[in-house]
Every structure is written in structure tokens, then in C-alpha cells.
Amino acid sequence: MACIPPPKKIDVIEFGELKRKSYDPSTMRILLVEDNGPLRGTLEEALSEEGYLVDACEDGEVGLYHAREISYDLVILDVMLPKMNGWEVLETLRKEGKEVPVLMLTARDSTEDRVRGLDSGADDYLVKPFKLAELTARMRSLLRRSRGQSQNVVRVGDVTIDASKKEIQKAGELVDVTALEYRMVDTLVAQRGKVVSRAFLYEHLFSEEKEVVSNILEVYVCNLRKKLGGDFVKTKRGHGYFVE
């Protein structure tokens with residue numbers, strides 16, 4: 001959903017109507033500020049398909065306006081923006097006491113840029129080009145942290161997933177899982193309560209270069225059920241998998 005440019009004089013009633021739109025309260029709302037049109041469109045579409053509510057802006061002034069006026073769960077902020085760059089947007093938000101998690105995007109991979117971003121109050125920093133799977137993994141980590149899971153620990157029944165250590169325990173005992181099995185659990189738990197399609201899992205678990213057999217997901221799900229319990233990963237026939 002494209003951002004609305006800031007009016008010269010804010011109409012409180014009109015903007016109030018905008019904020020009162022009916023959204024599922026469990027849906028996380030993301031502000032994406034990126035001036036590259038094709039990249040912005042691709043990210044907006046991909047994140048929307050993952051269940052996020054996305055507002056997309058192309059310049060810093062509009063992005064700052066929305067970050068001030070709307071309560072977002074996460075801001076994805078490009079550094080090189082017209083009208084007002086990402087550093088300025090970030091520094092303004094932090095000076096005003098806005099604690100929303102901010103993930104910075106930049107085409108420059110230098111220590112100075114990383115230090116400036118973190119010193120300015122950024123929560124994470126991602127260098128272009130990047131893969132969607134890496135972006136969404138970093139988003140999930142920031143969202144977990146912002147919702148009080150500071151240790152990145154999630155519990156599902158007697159299963160504990162520790163994102164900082166990339167470990168899974170069942171009933172207090174460490175479970176031996178492969179890297180891909182861990183990523184599958186992390187992906188399903190991040191969308192907890194929602195059905196995750198097979199297509200989504202294929203895209204996020206396997207690289208484009210890697211050939212996979214048609215029943216590979218069933219194999220991994222079967223292995224996870226053996227290790228974590230038969231009811232840990234549930235199937236919605238014809239749709240995908242989910243964790244309650």
C-alpha cells in the first residue's frame with residue numbers, strides 16, 4: 001500500500017479515518033522506505049504475501065511523516081533517499097523518542113556506515129544486494145525482540161527455540177536438528193497460528209540453484225515430528241503446514 005504524502009496542513013479527521021481502518025490486530029504493520037521502484041515493489045509484494053501489512057514510501061520526508069503518525073511494528077529504511085536521507089530520518093525518530101525497530105538498507109558495505117547506523121539508533125543493518133530470506137529472518141528477529149522476547153527464545157508447548165543460539169530443546173533436552181530443520185521450525189514459528197504454504201517454504205528453505213525432490217518437505221516434516229513430537233508440525237491438507 002503506497003504511503004500518502006504529508007499534507008501541508010494535517011486534516012485530523014481525515015487522518016483519523018486512515019488510522020481507523022479495520023486491520024487484523026495480529027497482523028504486523030511494516031513501513032518500507034525505499035526509493036528504488038522495482039526493489040520497493042518487489043519487497044512490498046513479497047512481504048504482503050507473507051502476511052505483513054506494508055506501507056511503502058519512496059522518499060525520506062514521506063517516510064518520516066508516516067513513522068511519526070502511525071504505530072509501526074518495524075521500519076525498513078534505505079540510507080540513500082531523496083529529500084531526506086535515511087540517517088536523518090533515523091536520527092529524527094530517535095530524538096523524538098520513537099523506539100520502533102529500524103532495519104537499515106544500504107548499497108555500501110563499509111565499517112564506517114555500519115558504525116554510523118548503529119550509533120544513530122538502527123537495530124540492524126543489511127547490505128544490498130540481499131536475499132529475501134535473509135531480510136525476513138532479520139525482520140523476525142527484530143520483531144521477536146521488540147515484543148519482549150529479548151533473548152529470542154520462543155516456547156511452543158515443551159519445545160523451546162533459541163534464535164540466538166540456533167538451538168531447539170524438548171522438555172529441557174537439546175534436540176539434534178540440521179540447519180535446514182532449524183530454519184523450517186523458525187519459519188513456521190514466526191508465522192505461528194497461520195498456515196504456511198508449501199511454495200513459501202520452498203522459496204525460503206532452498207536456494208534457486210539447488211534441485212530438490214518433490215517430497216522433500218514431507219521428509220523434513222516427518223523428521224521434525226519424530227524429534228519434536230507428532231503434533232508439533234500440523235498439516236492443513238492442500239494448503240501447507242502450521243505450528244499452533
# chains A, B, ... in the order shown; residues from 1 in each chain; ligands from 1
call {"tool": "residues_around", "arguments": {"residues": "region 77-94 of chain A", "least_positions_apart": "6", "cutoff": "10 Å", "atoms": "only C-alpha atoms", "output": "ChimeraX atom specification"}}
result
/A:31-36,57-65,67-68,100,102-108,113,116-117,119-122,125-128
call {"tool": "select_by_dssp", "arguments": {"residues": "region 173-242 of chain A", "states": "helix (DSSP H, G or I)", "output": "JSON list (two decimals) with N, CA and C atoms, in the first residue's frame"}}
result
[["chain", "number", "residue", "atom", "x", "y", "z"],
["A", 179, "ALA", "N", 20.65, -27.79, 10.06],
["A", 179, "ALA", "CA", 20.47, -26.36, 9.82],
["A", 179, "ALA", "C", 19.16, -26.10, 9.10],
["A", 180, "LEU", "N", 18.82, -26.95, 8.14],
["A", 180, "LEU", "CA", 17.59, -26.74, 7.39],
["A", 180, "LEU", "C", 16.36, -27.05, 8.25],
["A", 181, "GLU", "N", 16.45, -28.07, 9.09],
["A", 181, "GLU", "CA", 15.34, -28.36, 10.00],
["A", 181, "GLU", "C", 15.10, -27.19, 10.95],
["A", 182, "TYR", "N", 16.20, -26.59, 11.43],
["A", 182, "TYR", "CA", 16.05, -25.43, 12.31],
["A", 182, "TYR", "C", 15.37, -24.29, 11.56],
["A", 183, "ARG", "N", 15.78, -24.02, 10.32],
["A", 183, "ARG", "CA", 15.19, -22.93, 9.56],
["A", 183, "ARG", "C", 13.71, -23.18, 9.31],
["A", 184, "MET", "N", 13.33, -24.43, 9.10],
["A", 184, "MET", "CA", 11.92, -24.74, 8.90],
["A", 184, "MET", "C", 11.13, -24.45, 10.17],
["A", 185, "VAL", "N", 11.65, -24.85, 11.31],
["A", 185, "VAL", "CA", 10.97, -24.57, 12.58],
["A", 185, "VAL", "C", 10.87, -23.07, 12.79],
["A", 186, "ASP", "N", 11.97, -22.35, 12.56],
["A", 186, "ASP", "CA", 11.98, -20.90, 12.75],
["A", 186, "ASP", "C", 10.95, -20.21, 11.86],
["A", 187, "THR", "N", 10.84, -20.66, 10.62],
["A", 187, "THR", "CA", 9.89, -20.08, 9.67],
["A", 187, "THR", "C", 8.45, -20.34, 10.11],
["A", 188, "LEU", "N", 8.17, -21.57, 10.54],
["A", 188, "LEU", "CA", 6.81, -21.91, 10.96],
["A", 188, "LEU", "C", 6.43, -21.19, 12.25],
["A", 189, "VAL", "N", 7.36, -21.11, 13.19],
["A", 189, "VAL", "CA", 7.08, -20.46, 14.47],
["A", 189, "VAL", "C", 6.88, -18.96, 14.28],
["A", 190, "ALA", "N", 7.63, -18.36, 13.33],
["A", 190, "ALA", "CA", 7.47, -16.94, 13.06],
["A", 190, "ALA", "C", 6.06, -16.62, 12.56],
["A", 198, "ARG", "N", 3.33, -24.48, 0.98],
["A", 198, "ARG", "CA", 4.49, -25.24, 0.52],
["A", 198, "ARG", "C", 5.39, -24.36, -0.35],
["A", 199, "ALA", "N", 4.78, -23.54, -1.21],
["A", 199, "ALA", "CA", 5.56, -22.66, -2.09],
["A", 199, "ALA", "C", 6.43, -21.71, -1.27],
["A", 200, "PHE", "N", 5.86, -21.16, -0.19],
["A", 200, "PHE", "CA", 6.59, -20.25, 0.67],
["A", 200, "PHE", "C", 7.78, -20.96, 1.30],
["A", 201, "LEU", "N", 7.57, -22.18, 1.78],
["A", 201, "LEU", "CA", 8.65, -22.93, 2.41],
["A", 201, "LEU", "C", 9.74, -23.28, 1.41],
["A", 202, "TYR", "N", 9.35, -23.69, 0.21],
["A", 202, "TYR", "CA", 10.35, -23.99, -0.81],
["A", 202, "TYR", "C", 11.22, -22.76, -1.07],
["A", 203, "GLU", "N", 10.59, -21.60, -1.19],
["A", 203, "GLU", "CA", 11.32, -20.37, -1.51],
["A", 203, "GLU", "C", 12.28, -19.98, -0.40],
["A", 204, "HIS", "N", 11.87, -20.21, 0.87],
["A", 204, "HIS", "CA", 12.67, -19.74, 1.99],
["A", 204, "HIS", "C", 13.69, -20.76, 2.49],
["A", 205, "LEU", "N", 13.52, -22.01, 2.13],
["A", 205, "LEU", "CA", 14.42, -23.03, 2.65],
["A", 205, "LEU", "C", 15.47, -23.49, 1.65],
["A", 216, "ILE", "N", 10.42, -33.45, -0.65],
["A", 216, "ILE", "CA", 11.43, -33.09, 0.33],
["A", 216, "ILE", "C", 10.83, -32.46, 1.58],
["A", 217, "LEU", "N", 9.78, -31.66, 1.41],
["A", 217, "LEU", "CA", 9.15, -31.02, 2.58],
["A", 217, "LEU", "C", 8.54, -32.07, 3.50],
["A", 218, "GLU", "N", 7.88, -33.07, 2.91],
["A", 218, "GLU", "CA", 7.28, -34.12, 3.72],
["A", 218, "GLU", "C", 8.34, -34.87, 4.52],
["A", 219, "VAL", "N", 9.52, -35.05, 3.92],
["A", 219, "VAL", "CA", 10.61, -35.74, 4.60],
["A", 219, "VAL", "C", 11.05, -34.95, 5.83],
["A", 220, "TYR", "N", 11.23, -33.63, 5.65],
["A", 220, "TYR", "CA", 11.68, -32.80, 6.77],
["A", 220, "TYR", "C", 10.61, -32.70, 7.85],
["A", 221, "VAL", "N", 9.36, -32.59, 7.45],
["A", 221, "VAL", "CA", 8.28, -32.53, 8.43],
["A", 221, "VAL", "C", 8.22, -33.83, 9.23],
["A", 222, "CYS", "N", 8.37, -34.94, 8.54],
["A", 222, "CYS", "CA", 8.37, -36.24, 9.21],
["A", 222, "CYS", "C", 9.50, -36.32, 10.23],
["A", 223, "ASN", "N", 10.70, -35.85, 9.85],
["A", 223, "ASN", "CA", 11.84, -35.86, 10.77],
["A", 223, "ASN", "C", 11.58, -34.99, 11.99],
["A", 224, "LEU", "N", 10.99, -33.80, 11.77],
["A", 224, "LEU", "CA", 10.71, -32.90, 12.88],
["A", 224, "LEU", "C", 9.68, -33.49, 13.83],
["A", 225, "ARG", "N", 8.70, -34.18, 13.28],
["A", 225, "ARG", "CA", 7.69, -34.81, 14.14],
["A", 225, "ARG", "C", 8.30, -35.90, 15.00],
["A", 226, "LYS", "N", 9.26, -36.62, 14.45],
["A", 226, "LYS", "CA", 9.93, -37.65, 15.23],
["A", 226, "LYS", "C", 10.75, -37.05, 16.36],
["A", 227, "LYS", "N", 11.37, -35.89, 16.09],
["A", 227, "LYS", "CA", 12.26, -35.27, 17.07],
["A", 227, "LYS", "C", 11.51, -34.39, 18.08],
["A", 228, "LEU", "N", 10.43, -33.72, 17.64],
["A", 228, "LEU", "CA", 9.76, -32.73, 18.48],
["A", 228, "LEU", "C", 8.36, -33.13, 18.91]]
call {"tool": "residues_around", "arguments": {"residues": "Val154 (chain A)", "least_positions_apart": "2", "cutoff": "10 Å", "atoms": "only C-alpha atoms", "output": "list in words"}}
result
Arg144, Gln149, Gln151, Asn152, Val156, Gly157, Val159, Thr160, Ile161, Asp162, Ala163, Ile168, Asp186, Val189 and Ala190 of chain A
call {"tool": "select_by_dssp", "arguments": {"residues": "region 13-242 of chain A", "states": "strand (DSSP E)", "output": "ChimeraX atom specification"}}
result
/A:29-33,53-57,74-78,102-106,124-127,153-156,159-162,167-170,173-175,196-197,234-236,240-242
call {"tool": "atom_distance", "arguments": {"atom1": "CA of Thr42 (chain A)", "atom2": "CA of Val195 (chain A)"}}
result
22.3 Å
call {"tool": "atom_distance", "arguments": {"atom1": "CA of Gly240 (chain A)", "atom2": "CA of Ala46 (chain A)"}}
result
17.8 Å
call {"tool": "atom_distance", "arguments": {"atom1": "CA of Pro101 (chain A)", "atom2": "CA of Leu43 (chain A)"}}
result
17.8 Å
